[in-house]
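Reading through the structure tokens given below for one structure.
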Amino acid sequence: MALDTNGKNGSPLVVCFGEMLIDFVPTVGGVSLAEAPAFAKAPGGAPANVAVGVSKLGGSSAFIGKVGKDEFGFMLADILKQNNVDNSGMRFDPTARTMLAFITLRDDGEREFLFYRNPSADMLLHESELDKDLIEKAGIFHYGSISLIDEPCKSAHLTAMKIAKKAGVFLSYDPNLRKQLWPSEEAAREAIMSIWNQADMIKVSEDEIAFLTEGEDPYDDNVVMKLYHPNLKLLIVTEGSAGCRYYTQAFKGRVGGVKVKPVDTTGAGDAFVGGILSSLASDLSLFKDEKRLVEALRFANACGAVTVTKRGAIPGLPTRDEVLQILDQSST
């Protein structure tokens with residue numbers, strides 16, 4: 001079922017491109033993968049999480065990517081459908097499996113990842129399989145960098161960006177660095193930066209700034225501004241529970257986080273992106289008005305805050321009512 005550019009509530013379509021996978025998470029916290037007694041499966045993949053995030057907030061979204069022609073692939077397509085995400089741009093590979101990731105949060109707070117993708121279906125999306133019409137009618141086209149690691153998906157990603165750019169679509173980029181998936185740190189840095197100057201909006205974490213600038217201080221505005229390119233409309237630096245910083249061509253500032261008791265931080269960054277994109281979809285000139293931008297970023301911070309109070313990424317993504325409720329509580 002294809003949605004018009006103006007989907008639900010007349011909201012422009014946010015098309016998310018990239019990977020969707022199954023996360024396997026230990027049934028108990030604070031253990032290594034080897035120590036975990038059992039695992040629970042959960043849908044994951046940053047671009048897919050963002051698509052669901054936008055939809056759950058009442059916006060209109062679609063996902064483009066490839067999964068295996070297997071039970072997990074069908075399950076993921078169905079989860080998107082259940083969450084009112086247009087999945088007509090999904091493709092199913094009969095020769096490769098849906099990507100799997102085993103993830104655990106150790107006692108020291110560090111996440112441990114183990115990926116099964118040799119190769120997985122998401123890496124095998126071809127240019128010829130892209131739904132060009134879906135991309136062209138997007139208001140916002142959102143993507144990460146994992147889809148740049150391997151061919152043929154890399155070429156499909158670059159072509160999709162070209163199609164979107166030519167159609168005048170707003171480009172949103174969250175590198176979502178996963179060092180374990182790249183052949184080397186240099187390869188990751190080079191590929192992430194190779195498409196940097198084409199984005200209208202970029203969201204990065206403090207860790208990613210340190211990585212991309214080869215160890216410089218992510219809290220120093222001069223360091224951050226090295227990553228600001230002339231065509232960029234909005235650069236957002238997320239600081240986890242502390243909130244975020246914003247940089248535009250005209251102004252910069254900081255928006256504090258919304259305090260909650262965290263249960264599981266998986267998907268918090270994707271919930272944040274879903275929050276800011278849902279606001280931008282309704283008003284693409286938002287970044288020109290600092291007061292409105294700050295409100296939108298506070299809303300996005302609250303999206304991340306709601307998500308960390310629940311287990312799992314997609315199940316934890318909030319509705320608009322949940323976000324407004326937490327904002328209301330935090331302002332009293």
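Identifiers in the structure tokens: chain A, B, ... in order shown; residue index from 1 per chain; ligand index from 1 in order shown.
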
Legend entry - Test item, helix (DSSP H, G or I) assignment across stretch 98-142 of chain A, answer as JSON, numbers by chain: {"A": [121, 122, 123, 124, 127, 128, 129, 132, 133, 134, 135, 136]}

Legend entry - Counting only C-alpha atoms, the option among A:Thr213, A:Ala156, A:Val85, A:Met201 closest to A:Glu186: A:Thr213

Legend entry - Non-local contacts of A:Tyr246 (10 Å; only C-alpha atoms; under 4 positions in same chain excluded) as a PyMOL selection string: chain A and resi 203+234-238+251-255+287+290+293-294+297

Emit the selected residues as a tab-separated table (two decimals), in the first residue's frame, including all heavy atoms.
```tsv
chain	number	residue	atom	x	y	z
A	203	LYS	N	22.68	14.13	12.30
A	203	LYS	CA	22.63	13.90	13.75
A	203	LYS	C	23.81	13.00	14.10
A	203	LYS	O	23.98	11.93	13.51
A	203	LYS	CB	21.30	13.23	14.12
A	203	LYS	CG	21.20	12.77	15.57
A	203	LYS	CD	21.30	11.26	15.63
A	203	LYS	CE	21.45	10.76	17.05
A	203	LYS	NZ	21.91	9.39	17.12
A	234	LEU	N	21.12	21.90	9.42
A	234	LEU	CA	21.03	21.62	10.86
A	234	LEU	C	21.97	20.48	11.24
A	234	LEU	O	21.93	19.41	10.64
A	234	LEU	CB	19.57	21.23	11.21
A	234	LEU	CG	19.26	20.82	12.65
A	234	LEU	CD1	19.58	21.92	13.64
A	234	LEU	CD2	17.78	20.42	12.77
A	235	LEU	N	22.84	20.74	12.21
A	235	LEU	CA	23.71	19.71	12.77
A	235	LEU	C	23.32	19.53	14.23
A	235	LEU	O	23.27	20.50	14.99
A	235	LEU	CB	25.18	20.14	12.67
A	235	LEU	CG	26.23	19.22	13.31
A	235	LEU	CD1	26.27	17.85	12.63
A	235	LEU	CD2	27.62	19.85	13.27
A	236	ILE	N	23.00	18.29	14.60
A	236	ILE	CA	22.59	17.99	15.97
A	236	ILE	C	23.62	17.04	16.59
A	236	ILE	O	23.97	16.03	16.00
A	236	ILE	CB	21.20	17.33	16.02
A	236	ILE	CG1	20.14	18.25	15.38
A	236	ILE	CG2	20.81	17.00	17.45
A	236	ILE	CD1	18.80	17.56	15.17
A	237	VAL	N	24.08	17.39	17.78
A	237	VAL	CA	24.99	16.52	18.54
A	237	VAL	C	24.22	16.01	19.75
A	237	VAL	O	23.81	16.79	20.62
A	237	VAL	CB	26.25	17.29	19.00
A	237	VAL	CG1	27.18	16.35	19.76
A	237	VAL	CG2	26.97	17.91	17.81
A	238	THR	N	24.01	14.70	19.80
A	238	THR	CA	23.27	14.14	20.94
A	238	THR	C	24.23	13.78	22.07
A	238	THR	O	25.35	13.34	21.83
A	238	THR	CB	22.47	12.89	20.51
A	238	THR	OG1	23.35	11.97	19.86
A	238	THR	CG2	21.33	13.26	19.57
A	251	PHE	N	22.51	30.19	14.17
A	251	PHE	CA	22.59	30.14	15.63
A	251	PHE	C	22.97	28.74	16.12
A	251	PHE	O	22.95	27.77	15.37
A	251	PHE	CB	21.26	30.58	16.27
A	251	PHE	CG	20.04	29.98	15.63
A	251	PHE	CD1	19.68	28.65	15.87
A	251	PHE	CD2	19.24	30.73	14.78
A	251	PHE	CE1	18.56	28.09	15.29
A	251	PHE	CE2	18.11	30.17	14.17
A	251	PHE	CZ	17.78	28.85	14.44
A	252	LYS	N	23.32	28.69	17.39
A	252	LYS	CA	23.64	27.40	18.01
A	252	LYS	C	23.22	27.44	19.47
A	252	LYS	O	23.06	28.54	20.04
A	252	LYS	CB	25.14	27.10	17.88
A	252	LYS	CG	26.02	28.10	18.60
A	252	LYS	CD	27.50	27.83	18.41
A	252	LYS	CE	28.30	28.81	19.26
A	252	LYS	NZ	29.70	28.82	18.97
A	253	GLY	N	23.04	26.27	20.07
A	253	GLY	CA	22.62	26.25	21.47
A	253	GLY	C	22.51	24.83	22.00
A	253	GLY	O	22.95	23.87	21.34
A	254	ARG	N	21.91	24.70	23.18
A	254	ARG	CA	21.82	23.41	23.85
A	254	ARG	C	20.43	23.23	24.41
A	254	ARG	O	19.81	24.19	24.87
A	254	ARG	CB	22.83	23.42	24.99
A	254	ARG	CG	23.36	22.08	25.31
A	254	ARG	CD	24.43	22.02	26.39
A	254	ARG	NE	24.37	20.66	26.90
A	254	ARG	CZ	23.48	20.29	27.80
A	254	ARG	NH1	22.64	21.15	28.32
A	254	ARG	NH2	23.45	19.03	28.18
A	255	VAL	N	19.92	22.01	24.36
A	255	VAL	CA	18.61	21.69	24.94
A	255	VAL	C	18.82	20.55	25.93
A	255	VAL	O	19.31	19.48	25.55
A	255	VAL	CB	17.58	21.28	23.85
A	255	VAL	CG1	16.21	21.03	24.47
A	255	VAL	CG2	17.48	22.34	22.76
A	287	PHE	N	14.21	24.84	11.19
A	287	PHE	CA	15.57	25.15	11.64
A	287	PHE	C	15.90	26.65	11.51
A	287	PHE	O	16.93	27.10	11.98
A	287	PHE	CB	16.60	24.32	10.85
A	287	PHE	CG	16.46	24.47	9.37
A	287	PHE	CD1	17.06	25.52	8.69
A	287	PHE	CD2	15.67	23.59	8.65
A	287	PHE	CE1	16.91	25.69	7.33
A	287	PHE	CE2	15.51	23.74	7.27
A	287	PHE	CZ	16.13	24.79	6.63
A	290	GLU	N	14.73	29.75	15.89
A	290	GLU	CA	15.39	29.09	17.03
A	290	GLU	C	14.39	28.62	18.09
A	290	GLU	O	14.52	27.54	18.65
A	290	GLU	CB	16.44	30.01	17.65
A	290	GLU	CG	17.31	29.28	18.67
A	290	GLU	CD	18.57	30.03	19.07
A	290	GLU	OE1	18.71	31.21	18.72
A	290	GLU	OE2	19.41	29.41	19.73
A	293	LEU	N	12.71	25.54	16.84
A	293	LEU	CA	13.69	24.44	16.79
A	293	LEU	C	13.93	23.88	18.19
A	293	LEU	O	13.96	22.66	18.38
A	293	LEU	CB	15.01	24.93	16.17
A	293	LEU	CG	16.14	23.90	16.14
A	293	LEU	CD1	15.77	22.68	15.30
A	293	LEU	CD2	17.43	24.52	15.61
A	294	VAL	N	14.09	24.75	19.16
A	294	VAL	CA	14.32	24.31	20.55
A	294	VAL	C	13.14	23.47	21.05
A	294	VAL	O	13.32	22.43	21.68
A	294	VAL	CB	14.60	25.52	21.48
A	294	VAL	CG1	14.51	25.13	22.96
A	294	VAL	CG2	15.98	26.10	21.17
A	297	LEU	N	13.36	20.07	19.44
A	297	LEU	CA	14.45	19.27	20.01
A	297	LEU	C	14.09	18.79	21.43
A	297	LEU	O	14.46	17.69	21.82
A	297	LEU	CB	15.76	20.06	20.02
A	297	LEU	CG	16.37	20.28	18.63
A	297	LEU	CD1	17.52	21.27	18.70
A	297	LEU	CD2	16.83	18.98	18.00
```

Legend entry - Selection near stretch 24-41 of chain A, 12 Å with only C-alpha atoms, sequence-local residues under 4 positions removed, as a ChimeraX atom specification: /A:72,75-76,99-116,263-264,266,311-315

Store the residues of this selection in a file with C-alpha atoms, as an mmCIF file, in the first residue's frame.
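Just written: again37.cif:
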```cif
data_model
loop_
_atom_site.group_PDB
_atom_site.id
_atom_site.type_symbol
_atom_site.label_atom_id
_atom_site.label_comp_id
_atom_site.auth_asym_id
_atom_site.auth_seq_id
_atom_site.Cartn_x
_atom_site.Cartn_y
_atom_site.Cartn_z
ATOM 1 C CA PHE A 72 12.388 -13.425 10.118
ATOM 2 C CA MET A 75 8.077 -11.025 10.459
ATOM 3 C CA LEU A 76 9.924 -7.709 10.020
ATOM 4 C CA MET A 99 20.597 -10.046 9.365
ATOM 5 C CA LEU A 100 20.856 -11.037 13.044
ATOM 6 C CA ALA A 101 22.596 -9.178 15.873
ATOM 7 C CA PHE A 102 23.246 -10.444 19.389
ATOM 8 C CA ILE A 103 23.444 -7.477 21.762
ATOM 9 C CA THR A 104 24.092 -7.308 25.480
ATOM 10 C CA LEU A 105 24.553 -4.521 27.986
ATOM 11 C CA ARG A 106 27.379 -5.569 30.296
ATOM 12 C CA ASP A 107 27.679 -4.581 33.938
ATOM 13 C CA ASP A 108 30.126 -1.822 33.001
ATOM 14 C CA GLY A 109 27.393 -0.238 30.847
ATOM 15 C CA GLU A 110 29.109 -1.072 27.550
ATOM 16 C CA ARG A 111 27.134 -2.717 24.774
ATOM 17 C CA GLU A 112 28.590 -5.849 23.203
ATOM 18 C CA PHE A 113 27.571 -6.701 19.611
ATOM 19 C CA LEU A 114 27.874 -9.892 17.591
ATOM 20 C CA PHE A 115 26.567 -9.629 14.007
ATOM 21 C CA TYR A 116 25.577 -12.435 11.634
ATOM 22 C CA VAL A 263 15.663 0.469 31.778
ATOM 23 C CA ASP A 264 17.140 -0.112 28.290
ATOM 24 C CA THR A 266 18.433 0.533 22.881
ATOM 25 C CA ARG A 311 12.662 -2.717 26.865
ATOM 26 C CA GLY A 312 13.458 -3.104 23.158
ATOM 27 C CA ALA A 313 13.735 -0.477 20.420
ATOM 28 C CA ILE A 314 10.508 -0.732 18.381
ATOM 29 C CA PRO A 315 8.260 -1.734 21.329
#
```

Inset, instruction - For stretch 42-54 of chain A, list every protein, DNA or RNA residue within 8 Å, evaluated using only C-alpha atoms, and leave out those in the same chain fewer than 2 positions away; present the list as a PyMOL selection string. - result: chain A and resi 14-25+40+56-63+76+79-80+83-85+142-144+176+267+270-271+273-275+277-278+312-314+317-318

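Each of A:Thr307, A:Gly68, A:Tyr247, A:Glu208 was checked against A:Asn222 using only C-alpha atoms; the smallest atom-to-atom distance is that of A:Tyr247.
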
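The smallest atom-to-atom distance between A:Val323 and any of A:Lys291, A:Arg298, A:Lys233, A:Lys179, using only C-alpha atoms, is found for A:Arg298.
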